[in-house]
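query16.txt follows; it contains compact mmCIF, C-alpha atoms and all ligand atoms.
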# COMPACT_ATOMS: atom_id res chain seq x y z
CA MET A 291 -58.37 -14.97 -23.52
CA ALA A 292 -57.26 -12.07 -21.34
CA ASP A 293 -53.94 -13.62 -20.44
CA ASP A 294 -53.14 -14.45 -24.03
CA SER A 295 -52.61 -10.83 -24.99
CA GLY A 296 -50.08 -11.41 -27.76
CA ASP A 297 -46.79 -9.66 -27.20
CA MET A 298 -47.67 -8.17 -23.86
CA LEU A 299 -46.47 -9.63 -20.57
CA SER A 300 -49.07 -10.01 -17.89
CA TRP A 301 -48.35 -9.21 -14.24
CA ASP A 302 -47.29 -12.67 -13.22
CA GLU A 303 -45.08 -13.28 -16.24
CA SER A 304 -41.42 -12.53 -16.71
CA VAL A 305 -38.92 -12.58 -19.55
CA PHE A 306 -36.55 -14.30 -17.11
CA ARG A 307 -36.42 -18.04 -16.64
CA ASP A 308 -33.81 -17.61 -13.87
CA GLU A 309 -32.77 -14.05 -13.08
CA HIS A 310 -30.21 -15.32 -10.57
CA VAL A 311 -27.76 -16.23 -13.36
CA PHE A 312 -27.09 -12.52 -13.90
CA GLU A 313 -25.99 -11.91 -10.33
CA ILE A 314 -22.45 -10.88 -9.57
CA ASP A 315 -21.38 -13.96 -7.61
CA TYR A 316 -23.06 -16.57 -9.78
CA VAL A 317 -20.63 -19.34 -10.74
CA PRO A 318 -21.56 -20.52 -14.26
CA GLU A 319 -22.05 -24.22 -15.03
CA THR A 320 -20.32 -23.94 -18.36
CA PHE A 321 -16.98 -22.22 -18.58
CA ARG A 322 -15.81 -22.03 -22.17
CA HIS A 323 -12.71 -20.72 -23.91
CA ARG A 324 -10.50 -21.14 -20.87
CA GLU A 325 -9.34 -24.71 -21.49
CA SER A 326 -5.63 -23.95 -21.72
CA GLN A 327 -5.66 -21.73 -18.61
CA LEU A 328 -7.48 -24.43 -16.64
CA GLU A 329 -4.94 -27.01 -17.81
CA SER A 330 -2.01 -24.87 -16.68
CA LEU A 331 -3.61 -24.24 -13.31
CA LYS A 332 -4.35 -27.93 -12.85
CA TYR A 333 -0.75 -28.75 -13.63
CA ALA A 334 0.41 -26.33 -10.95
CA LEU A 335 -2.07 -27.59 -8.37
CA ARG A 336 -1.74 -31.32 -8.99
CA PRO A 337 1.06 -31.94 -6.44
CA ALA A 338 -1.38 -30.97 -3.68
CA VAL A 339 -3.43 -34.09 -4.37
CA ARG A 340 -0.31 -36.17 -3.74
CA GLY A 341 0.30 -34.38 -0.47
CA SER A 342 3.03 -32.06 -1.76
CA ARG A 343 3.22 -28.30 -1.99
CA PRO A 344 1.69 -27.12 -5.27
CA LEU A 345 3.61 -24.83 -7.61
CA ASN A 346 3.08 -21.20 -6.78
CA THR A 347 1.24 -19.44 -9.54
CA ILE A 348 0.41 -15.97 -10.69
CA VAL A 349 -2.79 -15.45 -12.64
CA ARG A 350 -2.92 -12.24 -14.62
CA GLY A 351 -5.34 -10.63 -17.03
CA PRO A 352 -7.64 -7.65 -17.46
CA PRO A 353 -10.91 -7.33 -15.49
CA GLY A 354 -13.78 -9.68 -16.29
CA THR A 355 -11.76 -12.34 -18.10
CA GLY A 356 -12.69 -15.29 -15.87
CA LYS A 357 -9.75 -15.41 -13.43
CA THR A 358 -11.81 -15.63 -10.26
CA THR A 359 -14.25 -18.05 -11.85
CA ALA A 360 -11.44 -20.36 -12.99
CA VAL A 361 -9.98 -20.52 -9.50
CA GLN A 362 -13.39 -21.05 -7.92
CA LYS A 363 -14.10 -23.92 -10.27
CA LEU A 364 -10.76 -25.61 -9.63
CA PHE A 365 -10.95 -25.03 -5.89
CA GLY A 366 -14.37 -26.65 -5.92
CA GLU A 367 -12.84 -29.82 -7.37
CA LEU A 368 -9.55 -29.70 -5.50
CA GLY A 369 -11.12 -28.93 -2.12
CA ALA A 370 -13.13 -32.14 -2.41
CA GLN A 371 -9.91 -34.20 -2.42
CA PRO A 372 -8.82 -35.67 0.91
CA GLY A 373 -5.91 -33.87 2.55
CA VAL A 374 -6.33 -30.65 0.58
CA ARG A 375 -7.82 -27.41 1.86
CA THR A 376 -8.46 -24.48 -0.47
CA VAL A 377 -9.18 -20.91 0.57
CA ARG A 378 -9.80 -17.93 -1.69
CA VAL A 379 -9.16 -14.61 0.03
CA ASN A 380 -10.64 -11.45 -1.46
CA CYS A 381 -7.90 -8.87 -0.88
CA GLN A 382 -10.27 -6.00 -1.64
CA VAL A 383 -11.83 -6.90 1.69
CA ASP A 384 -8.81 -8.35 3.50
CA SER A 385 -5.99 -6.06 2.49
CA THR A 386 -3.42 -6.64 5.26
CA ARG A 387 -1.33 -9.64 6.24
CA TYR A 388 -3.19 -9.91 9.51
CA ALA A 389 -6.58 -9.82 7.78
CA VAL A 390 -5.50 -12.48 5.29
CA PHE A 391 -4.35 -14.83 8.04
CA SER A 392 -7.49 -14.14 10.08
CA ARG A 393 -9.46 -15.28 7.06
CA LEU A 394 -7.36 -18.46 6.79
CA PHE A 395 -7.83 -19.09 10.49
CA GLU A 396 -11.58 -18.66 10.16
CA ASN A 397 -11.72 -21.14 7.32
CA ILE A 398 -9.62 -23.76 9.09
CA PHE A 399 -11.09 -23.51 12.58
CA GLU A 400 -14.61 -22.54 11.50
CA TYR A 401 -14.70 -19.65 13.94
CA GLU A 402 -13.13 -16.22 13.94
CA PRO A 403 -9.86 -15.59 15.77
CA PRO A 404 -10.41 -13.91 19.16
CA SER A 405 -11.53 -10.33 18.63
CA SER A 406 -9.41 -9.22 21.58
CA GLY A 407 -6.59 -9.72 19.11
CA ILE A 408 -3.73 -12.16 19.22
CA SER A 409 -0.27 -11.53 17.86
CA PHE A 410 0.38 -12.35 14.25
CA LYS A 411 2.93 -14.92 15.34
CA LYS A 412 0.38 -16.77 17.40
CA LEU A 413 -2.25 -16.63 14.69
CA PHE A 414 0.25 -17.99 12.20
CA GLY A 415 1.43 -20.72 14.60
CA GLN A 416 -2.08 -21.95 15.29
CA ILE A 417 -2.83 -22.21 11.58
CA THR A 418 0.32 -24.14 10.71
CA ASP A 419 0.04 -26.42 13.78
CA ARG A 420 -3.43 -27.37 12.73
CA LEU A 421 -2.38 -28.05 9.13
CA VAL A 422 0.40 -30.35 10.31
CA GLU A 423 -1.87 -32.07 12.82
CA ASP A 424 -4.55 -32.71 10.19
CA ASP A 425 -1.95 -33.59 7.56
CA GLU A 426 -3.46 -31.09 5.13
CA VAL A 427 -1.97 -29.14 2.23
CA LEU A 428 -3.30 -25.59 2.17
CA VAL A 429 -3.79 -23.83 -1.16
CA VAL A 430 -4.40 -20.10 -0.79
CA ALA A 431 -5.64 -17.86 -3.61
CA LEU A 432 -5.01 -14.20 -2.98
CA ASP A 433 -7.63 -12.74 -5.28
CA ASP A 434 -7.22 -9.12 -6.40
CA VAL A 435 -3.77 -9.21 -4.82
CA ASN A 436 -3.08 -5.73 -6.22
CA TYR A 437 -4.94 -4.37 -3.19
CA LEU A 438 -2.25 -5.83 -0.92
CA PHE A 439 0.31 -3.89 -2.93
CA TYR A 440 -1.63 -0.64 -2.61
CA GLU A 441 -1.53 -1.10 1.16
CA ASN A 442 2.12 -2.13 1.14
CA GLU A 443 1.29 -5.50 2.67
CA ALA A 444 2.08 -7.83 -0.22
CA SER A 445 5.68 -8.69 0.61
CA ASP A 446 5.02 -9.52 4.25
CA THR A 447 1.97 -11.59 3.43
CA LEU A 448 3.69 -13.60 0.73
CA TYR A 449 6.84 -14.01 2.75
CA SER A 450 4.91 -15.59 5.62
CA LEU A 451 2.97 -17.89 3.33
CA LEU A 452 5.98 -18.97 1.32
CA ARG A 453 8.27 -19.58 4.27
CA ALA A 454 5.67 -21.37 6.36
CA HIS A 455 7.37 -24.71 5.86
CA GLU A 456 10.63 -23.34 7.21
CA ALA A 457 9.11 -21.67 10.23
CA HIS A 458 6.96 -24.72 11.00
CA SER A 459 8.34 -27.93 9.72
CA GLY A 460 5.77 -30.09 7.98
CA ALA A 461 3.49 -27.18 7.02
CA ARG A 462 2.68 -27.20 3.32
CA ILE A 463 1.18 -24.09 1.74
CA GLY A 464 0.88 -23.17 -1.94
CA VAL A 465 -0.11 -19.76 -3.24
CA ILE A 466 -2.01 -18.53 -6.27
CA ILE A 467 -2.05 -14.79 -6.69
CA ILE A 468 -4.53 -13.12 -8.99
CA SER A 469 -4.06 -9.63 -10.37
CA SER A 470 -6.04 -7.57 -12.86
CA ASP A 471 -3.74 -4.58 -12.62
CA LEU A 472 -1.57 -5.03 -15.69
CA SER A 473 0.51 -1.98 -14.93
CA LEU A 474 1.67 -3.67 -11.75
CA ASP A 475 4.70 -5.90 -12.21
CA VAL A 476 3.93 -8.10 -9.26
CA VAL A 477 7.22 -9.97 -8.86
CA ASP A 478 9.24 -6.84 -9.52
CA GLU A 479 7.41 -4.93 -6.80
CA LEU A 480 8.13 -7.49 -4.10
CA ASP A 481 11.03 -7.21 -1.66
CA ARG A 482 14.22 -9.05 -2.57
CA ARG A 483 13.77 -11.53 0.25
CA VAL A 484 10.39 -12.54 -1.23
CA GLN A 485 11.63 -12.62 -4.81
CA SER A 486 14.27 -15.12 -3.82
CA VAL A 487 11.61 -17.64 -2.76
CA PHE A 488 8.85 -16.75 -5.18
CA ARG A 489 9.28 -17.98 -8.74
CA PRO A 490 5.70 -18.42 -9.84
CA GLU A 491 4.28 -20.16 -12.89
CA GLU A 492 2.38 -17.63 -14.95
CA VAL A 493 -1.09 -18.12 -16.37
CA TYR A 494 -2.44 -15.33 -18.53
CA PHE A 495 -6.14 -14.62 -19.19
CA PRO A 496 -6.49 -12.48 -22.33
CA VAL A 497 -9.70 -10.58 -23.10
CA TYR A 498 -12.31 -12.62 -24.95
CA ASP A 499 -12.88 -11.75 -28.59
CA VAL A 500 -16.37 -10.96 -29.85
CA HIS A 501 -17.04 -14.54 -31.02
CA GLU A 502 -16.10 -15.94 -27.65
CA ILE A 503 -18.26 -13.36 -25.93
CA VAL A 504 -21.21 -14.43 -28.10
CA ASP A 505 -20.64 -18.10 -27.22
CA ILE A 506 -20.41 -17.43 -23.51
CA LEU A 507 -23.35 -15.06 -23.34
CA ARG A 508 -25.52 -17.40 -25.39
CA ASP A 509 -25.21 -19.96 -22.59
CA ARG A 510 -26.21 -17.33 -20.07
CA ILE A 511 -29.20 -16.31 -22.20
CA ASP A 512 -30.40 -19.90 -22.50
CA ARG A 513 -30.34 -20.31 -18.76
CA GLY A 514 -31.52 -16.87 -17.78
CA PHE A 515 -34.22 -16.01 -20.32
CA HIS A 516 -37.23 -17.82 -21.69
CA ASP A 517 -36.99 -19.01 -25.29
CA ASP A 518 -36.87 -16.35 -28.00
CA VAL A 519 -36.64 -13.39 -25.63
CA VAL A 520 -33.21 -12.34 -26.93
CA GLY A 521 -32.64 -12.65 -30.67
CA SER A 522 -29.31 -13.00 -32.42
CA GLN A 523 -29.25 -9.37 -33.52
CA GLU A 524 -29.62 -8.26 -29.90
CA LEU A 525 -26.98 -10.71 -28.74
CA ASP A 526 -24.57 -9.42 -31.39
CA ARG A 527 -25.08 -5.87 -30.19
CA VAL A 528 -24.49 -6.91 -26.57
CA ALA A 529 -21.28 -8.68 -27.58
CA GLU A 530 -20.11 -5.70 -29.59
CA LEU A 531 -20.64 -3.33 -26.66
CA THR A 532 -18.99 -5.79 -24.28
CA GLY A 533 -16.01 -6.05 -26.62
CA LYS A 534 -15.27 -2.35 -26.15
CA SER A 535 -13.82 -3.06 -22.72
CA GLY A 536 -13.62 -6.85 -22.95
CA ASP A 537 -15.02 -7.10 -19.41
CA LEU A 538 -17.58 -9.89 -19.50
CA ARG A 539 -19.38 -8.36 -16.54
CA VAL A 540 -20.55 -5.58 -18.85
CA GLY A 541 -22.24 -8.15 -21.10
CA ILE A 542 -23.91 -9.98 -18.24
CA ASP A 543 -25.12 -6.74 -16.72
CA LEU A 544 -26.33 -5.55 -20.15
CA LEU A 545 -28.43 -8.67 -20.62
CA HIS A 546 -29.95 -8.28 -17.18
CA ARG A 547 -30.79 -4.60 -17.58
CA ALA A 548 -32.05 -5.06 -21.14
CA GLY A 549 -34.40 -7.76 -19.81
CA LEU A 550 -35.64 -5.40 -17.13
CA ASN A 551 -36.17 -2.69 -19.75
CA ALA A 552 -38.25 -5.10 -21.83
CA GLU A 553 -40.34 -5.94 -18.78
CA MET A 554 -40.85 -2.27 -18.10
CA ARG A 555 -42.53 -2.05 -21.49
CA ALA A 556 -44.39 -5.27 -20.70
CA SER A 557 -42.72 -6.75 -23.77
CA ARG A 558 -41.95 -10.43 -24.27
CA THR A 559 -38.83 -9.68 -26.24
CA VAL A 560 -35.71 -7.63 -25.79
CA THR A 561 -34.97 -5.10 -28.55
CA VAL A 562 -31.71 -3.48 -29.62
CA GLU A 563 -33.15 -0.29 -28.14
CA ASP A 564 -33.42 -2.00 -24.72
CA VAL A 565 -29.76 -2.92 -25.04
CA GLU A 566 -28.67 0.59 -25.98
CA THR A 567 -30.53 2.11 -23.04
CA ALA A 568 -29.03 -0.46 -20.69
CA TYR A 569 -25.52 0.37 -21.87
CA ASP A 570 -25.70 3.85 -20.31
CA LYS A 571 -25.57 2.09 -16.95
CA SER A 572 -23.80 -1.17 -17.73
CA LYS A 573 -20.71 0.53 -19.11
CA TYR A 574 -19.97 1.62 -15.56
CA VAL A 575 -19.92 -1.83 -13.88
CA HIS A 576 -16.18 -1.63 -13.48
CA LEU A 577 -16.40 1.83 -11.94
CA SER A 578 -19.10 0.69 -9.51
CA ARG A 579 -17.00 -2.27 -8.47
CA SER A 580 -13.92 -0.13 -7.85
CA LEU A 581 -15.91 2.41 -5.87
CA ARG A 582 -17.49 -0.25 -3.69
CA SER A 583 -14.05 -1.52 -2.67
CA LEU A 584 -13.04 1.87 -1.23
CA SER A 585 -12.84 2.84 2.42
CA ASP A 586 -14.69 5.91 3.71
CA SER A 587 -11.70 8.21 3.47
CA GLU A 588 -10.91 6.97 -0.03
CA GLN A 589 -14.50 7.65 -1.09
CA ALA A 590 -14.27 11.08 0.51
CA LEU A 591 -11.22 11.83 -1.61
CA VAL A 592 -12.99 10.71 -4.78
CA GLU A 593 -15.81 13.07 -3.95
CA VAL A 594 -13.43 15.95 -3.33
CA VAL A 595 -11.62 15.33 -6.63
CA ALA A 596 -14.99 15.23 -8.41
CA ASP A 597 -15.82 18.64 -6.99
CA HIS A 598 -12.37 20.00 -7.83
CA ASN A 599 -11.78 18.16 -11.08
CA GLY A 600 -8.54 19.17 -12.79
CA GLU A 601 -7.36 21.41 -9.97
CA ARG A 602 -3.91 21.41 -8.46
CA ALA A 603 -3.02 18.77 -5.90
CA GLY A 604 -2.45 21.40 -3.22
CA GLU A 605 -5.92 22.86 -3.66
CA VAL A 606 -7.47 19.42 -3.65
CA TYR A 607 -5.61 18.70 -0.43
CA ASP A 608 -7.02 21.80 1.26
CA ALA A 609 -10.56 20.72 0.42
CA PHE A 610 -9.84 17.14 1.45
CA HIS A 611 -8.35 18.23 4.76
CA GLU A 612 -11.37 20.38 5.44
CA ALA A 613 -13.73 17.50 4.70
CA THR A 614 -11.91 14.76 6.63
CA ASP A 615 -9.33 16.36 8.92
CA LEU A 616 -6.71 13.94 7.55
CA GLY A 617 -3.11 15.08 7.05
CA TYR A 618 -0.90 15.36 4.01
CA THR A 619 0.90 12.03 4.31
CA ARG A 620 -2.31 10.06 4.36
CA TYR A 621 -3.62 12.23 1.53
CA SER A 622 -0.64 11.35 -0.70
CA GLU A 623 -1.04 7.65 0.03
CA LEU A 624 -4.70 7.81 -0.91
CA VAL A 625 -3.95 9.75 -4.09
CA ASN A 626 -1.48 7.06 -5.09
CA LYS A 627 -3.91 4.26 -4.45
CA LEU A 628 -6.73 5.91 -6.43
CA ASP A 629 -4.28 6.58 -9.22
CA GLN A 630 -3.21 2.92 -9.29
CA LEU A 631 -6.83 1.85 -9.28
CA GLY A 632 -7.39 3.98 -12.37
CA LEU A 633 -10.02 6.14 -10.68
CA ILE A 634 -8.07 9.37 -10.85
CA GLU A 635 -5.32 10.66 -13.07
CA ALA A 636 -2.45 12.73 -11.81
CA SER A 637 -0.78 14.85 -14.45
CA TYR A 638 1.97 17.42 -14.34
CA THR A 639 1.39 20.84 -15.80
CA ASP A 640 3.67 23.81 -16.13
CA VAL A 641 2.62 26.70 -14.02
CA ASP A 642 3.92 29.92 -15.61
CA GLY A 643 7.28 30.71 -14.21
CA ARG A 644 6.81 28.60 -11.10
CA GLY A 645 7.87 25.18 -12.34
CA ARG A 646 5.73 22.09 -12.63
CA SER A 647 2.74 21.27 -10.53
CA ARG A 648 0.60 18.18 -10.21
CA SER A 649 -3.09 18.34 -10.98
CA LEU A 650 -5.71 15.72 -10.25
CA SER A 651 -8.70 14.72 -12.30
CA LEU A 652 -11.19 11.89 -12.38
CA ALA A 653 -10.76 9.16 -14.97
CA TYR A 654 -14.55 9.12 -15.45
CA GLU A 655 -17.31 11.69 -15.86
CA PRO A 656 -17.64 13.36 -12.44
CA ASP A 657 -21.44 13.02 -12.51
CA ALA A 658 -21.24 9.29 -13.20
CA VAL A 659 -18.90 8.90 -10.25
CA LEU A 660 -20.97 11.01 -7.86
CA ASP A 661 -24.18 9.23 -8.88
CA ARG A 662 -22.62 5.88 -8.12
CA LEU A 663 -21.16 6.97 -4.81
CA GLU A 664 -24.59 8.19 -3.74
CA SER A 665 -26.51 5.15 -4.86
CA ASP A 666 -23.99 2.85 -3.16
CA ALA A 667 -24.28 4.86 0.05
CA ALA A 668 -28.02 4.36 -0.21
CA GLY A 669 -27.39 0.63 -0.50
CA ASN A 670 -28.43 0.17 -4.11
N1 LIG B 1 -15.67 -18.44 -19.90
C1 LIG B 1 -16.71 -17.99 -19.17
N2 LIG B 1 -17.90 -18.62 -19.24
C2 LIG B 1 -18.94 -18.17 -18.52
N3 LIG B 1 -18.92 -17.09 -17.73
C3 LIG B 1 -17.76 -16.42 -17.63
C4 LIG B 1 -16.59 -16.84 -18.34
N4 LIG B 1 -15.60 -15.98 -18.04
C5 LIG B 1 -16.10 -15.08 -17.19
N5 LIG B 1 -17.41 -15.33 -16.93
C6 LIG B 1 -18.30 -14.53 -16.11
O1 LIG B 1 -17.88 -13.18 -16.21
C7 LIG B 1 -17.88 -12.54 -14.95
C8 LIG B 1 -16.50 -12.06 -14.63
O2 LIG B 1 -15.63 -13.17 -14.45
P1 LIG B 1 -14.59 -13.23 -13.27
O3 LIG B 1 -15.17 -12.63 -12.05
O4 LIG B 1 -14.08 -14.61 -13.18
O5 LIG B 1 -13.48 -12.26 -13.87
P2 LIG B 1 -12.07 -11.81 -13.28
O6 LIG B 1 -11.08 -12.08 -14.34
O7 LIG B 1 -11.87 -12.42 -11.94
O8 LIG B 1 -12.28 -10.23 -13.16
P3 LIG B 1 -11.59 -9.20 -12.12
O9 LIG B 1 -10.15 -9.13 -12.48
O10 LIG B 1 -12.28 -7.90 -12.39
O11 LIG B 1 -11.84 -9.72 -10.75
C9 LIG B 1 -18.41 -13.54 -13.95
O12 LIG B 1 -19.77 -13.29 -13.73
C10 LIG B 1 -18.23 -14.88 -14.64
O13 LIG B 1 -19.28 -15.75 -14.29
MG MG B 2 -11.82 -11.55 -10.03

Render the structure in this file as structure tokens.
Amino acid sequence: MADDSGDMLSWDESVFRDEHVFEIDYVPETFRHRESQLESLKYALRPAVRGSRPLNTIVRGPPGTGKTTAVQKLFGELGAQPGVRTVRVNCQVDSTRYAVFSRLFENIFEYEPPSSGISFKKLFGQITDRLVEDDEVLVVALDDVNYLFYENEASDTLYSLLRAHEAHSGARIGVIIISSDLSLDVVDELDRRVQSVFRPEEVYFPVYDVHEIVDILRDRIDRGFHDDVVGSQELDRVAELTGKSGDLRVGIDLLHRAGLNAEMRASRTVTVEDVETAYDKSKYVHLSRSLRSLSDSEQALVEVVADHNGERAGEVYDAFHEATDLGYTRYSELVNKLDQLGLIEASYTDVDGRGRSRSLSLAYEPDAVLDRLESDAAGN
């Protein structure tokens, strides 16, 4: 009788059937509303199965629209074909040409390149020799390629990949680049020498509309929650809030946090109230993700801007220099990168009589940013 206490959860019960489906790197079984994008990608990749170089492709679309998932799904299938090797490189982590090729090396040889360091040329040569020897076509996805642009490494990286067959006869490499930075005109930003060899197919991932979001999240609910935990009214509210940014990660995070809120009340069902409370945190998933990708000095700059929100660039520099000892050139590079990432906004204001001056402010509430920086530093 005691454990049948109506609407209350007992200690050993959970609203979740499988909480894992709400994790960040979970690859969903069902992947709906991306049929045409998958078809286009398959078309571009098909030559690899016949032993030829696939068509180079650029995948574009706002955050959380399924770009990474689509490539993971296709690479799963394609990589199982004989004579084809697929590697997805996360350019948030590997943001230089050398780092990208180290990652390729690691995948192909199944050990890391010597840490004593070998020249890029040697690294490159070993990779292509091995591909030729094994008679393999290599398909590389440069995910979040915008980070290579922020570091000024995109042209060199692509040039090496695209010209591999000329430098090493018999080497066959195809490239998919994935970008969520819509303000970045990828091809336009590349050097001429790269543009002349890079004429990619384009596949665009638009934001999901509210009906599509409902469809997709319903699948996730069925897998992740026990029956009847999330009702249709709650799902509609989650979809509506997700639709504000269109980033599906917000919806997945909302479901997870709303479930945890319900458990906190020992309730068997999620209410709209649980969803609303969760949104205070979930709306920042994109911010958290951007912050996590930053280096220490980039994070330091974010902190300084938060403390000097809206002040002039020169004043922000003084505080930054004091905090990190870094010089002006590096400071300007970092300001540009944070601006491109949409974390800070640089605007020009007229200073009375003294011409125009640049001022820097955060694109988010300073407290929200500082909270997240602290909790990430604490490993949460
Ligand atoms: N059609 C879909 N069906 C099921 N889950 C999806 C679908 N599209 C996206 N998702 C889920 O949404 C989340 C975000 O998707 P994904 O990481 O593929 O987006 P993205 O376009 O690569 O975003 P970003 O540009 O920010 O890297 C993932 O957890 C993924 O599982
Ligand atoms: Mg992605």

(request) Would you list the residues that come within 9 Å of ligand MG 2 (chain B)? Count all atoms listed in the file and give the answer as a PyMOL selection string. (result) chain A and resi 353-359+380+433-434+468-470

(request) Please identify all polymer residues within 9 Å of Glu402 in chain A, counting all atoms listed in the file, omitting same-chain residues fewer than 4 positions from it, and present them as a VMD selection string. (result) chain A and resid 392 to 393 395 to 397

(request) Using all atoms listed in the file, find the one residue out of A:Ala603, A:Val349, A:Val528, A:Ile398 that sits nearest to ligand LIG 1 (chain B). (result) A:Val349

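Put simply, CA of Pro656 in chain A is 15.1 Å away from CA of His576 in chain A.
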
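As for CA of Val339 in chain A and CA of Gly460 in chain A, they are spaced 15.9 Å apart.
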
Take range 350-372 of chain A, bring it up to N, CA and C atoms, and give me the output as a compact mmCIF listing (two decimals), in the frame of the given file.
# COMPACT_ATOMS: atom_id res chain seq x y z
N ARG A 350 -2.77 -13.64 -14.23
CA ARG A 350 -2.92 -12.24 -14.62
C ARG A 350 -3.87 -12.09 -15.78
N GLY A 351 -4.46 -10.91 -15.90
CA GLY A 351 -5.34 -10.63 -17.03
C GLY A 351 -6.26 -9.48 -16.68
N PRO A 352 -6.77 -8.80 -17.70
CA PRO A 352 -7.64 -7.65 -17.46
C PRO A 352 -8.93 -8.04 -16.72
N PRO A 353 -9.67 -7.05 -16.22
CA PRO A 353 -10.91 -7.33 -15.49
C PRO A 353 -11.93 -8.11 -16.32
N GLY A 354 -12.67 -8.98 -15.65
CA GLY A 354 -13.78 -9.68 -16.29
C GLY A 354 -13.37 -10.69 -17.33
N THR A 355 -12.22 -11.35 -17.13
CA THR A 355 -11.76 -12.34 -18.10
C THR A 355 -11.81 -13.76 -17.54
N GLY A 356 -12.45 -13.94 -16.39
CA GLY A 356 -12.69 -15.29 -15.87
C GLY A 356 -11.66 -15.80 -14.88
N LYS A 357 -10.80 -14.94 -14.35
CA LYS A 357 -9.75 -15.41 -13.43
C LYS A 357 -10.33 -15.97 -12.14
N THR A 358 -11.20 -15.18 -11.52
CA THR A 358 -11.81 -15.63 -10.26
C THR A 358 -12.64 -16.89 -10.48
N THR A 359 -13.39 -16.90 -11.56
CA THR A 359 -14.25 -18.05 -11.85
C THR A 359 -13.41 -19.32 -12.04
N ALA A 360 -12.30 -19.19 -12.75
CA ALA A 360 -11.44 -20.36 -12.99
C ALA A 360 -10.95 -20.93 -11.66
N VAL A 361 -10.50 -20.05 -10.78
CA VAL A 361 -9.98 -20.52 -9.50
C VAL A 361 -11.11 -21.11 -8.65
N GLN A 362 -12.26 -20.49 -8.67
CA GLN A 362 -13.39 -21.05 -7.92
C GLN A 362 -13.74 -22.44 -8.40
N LYS A 363 -13.74 -22.60 -9.72
CA LYS A 363 -14.10 -23.92 -10.27
C LYS A 363 -13.08 -24.96 -9.84
N LEU A 364 -11.80 -24.64 -10.00
CA LEU A 364 -10.76 -25.61 -9.63
C LEU A 364 -10.75 -25.89 -8.13
N PHE A 365 -10.93 -24.84 -7.34
CA PHE A 365 -10.95 -25.03 -5.89
C PHE A 365 -12.13 -25.91 -5.48
N GLY A 366 -13.23 -25.79 -6.20
CA GLY A 366 -14.37 -26.65 -5.92
C GLY A 366 -13.99 -28.12 -6.07
N GLU A 367 -13.25 -28.42 -7.13
CA GLU A 367 -12.84 -29.82 -7.37
C GLU A 367 -11.73 -30.23 -6.42
N LEU A 368 -10.73 -29.36 -6.29
CA LEU A 368 -9.55 -29.70 -5.50
C LEU A 368 -9.89 -29.83 -4.01
N GLY A 369 -10.75 -28.93 -3.54
CA GLY A 369 -11.12 -28.93 -2.12
C GLY A 369 -11.86 -30.20 -1.72
N ALA A 370 -12.39 -30.90 -2.71
CA ALA A 370 -13.13 -32.14 -2.41
C ALA A 370 -12.17 -33.32 -2.23
N GLN A 371 -10.90 -33.13 -2.57
CA GLN A 371 -9.91 -34.20 -2.42
C GLN A 371 -9.49 -34.32 -0.95
N PRO A 372 -9.26 -35.53 -0.47
CA PRO A 372 -8.82 -35.67 0.91
C PRO A 372 -7.43 -35.06 1.10
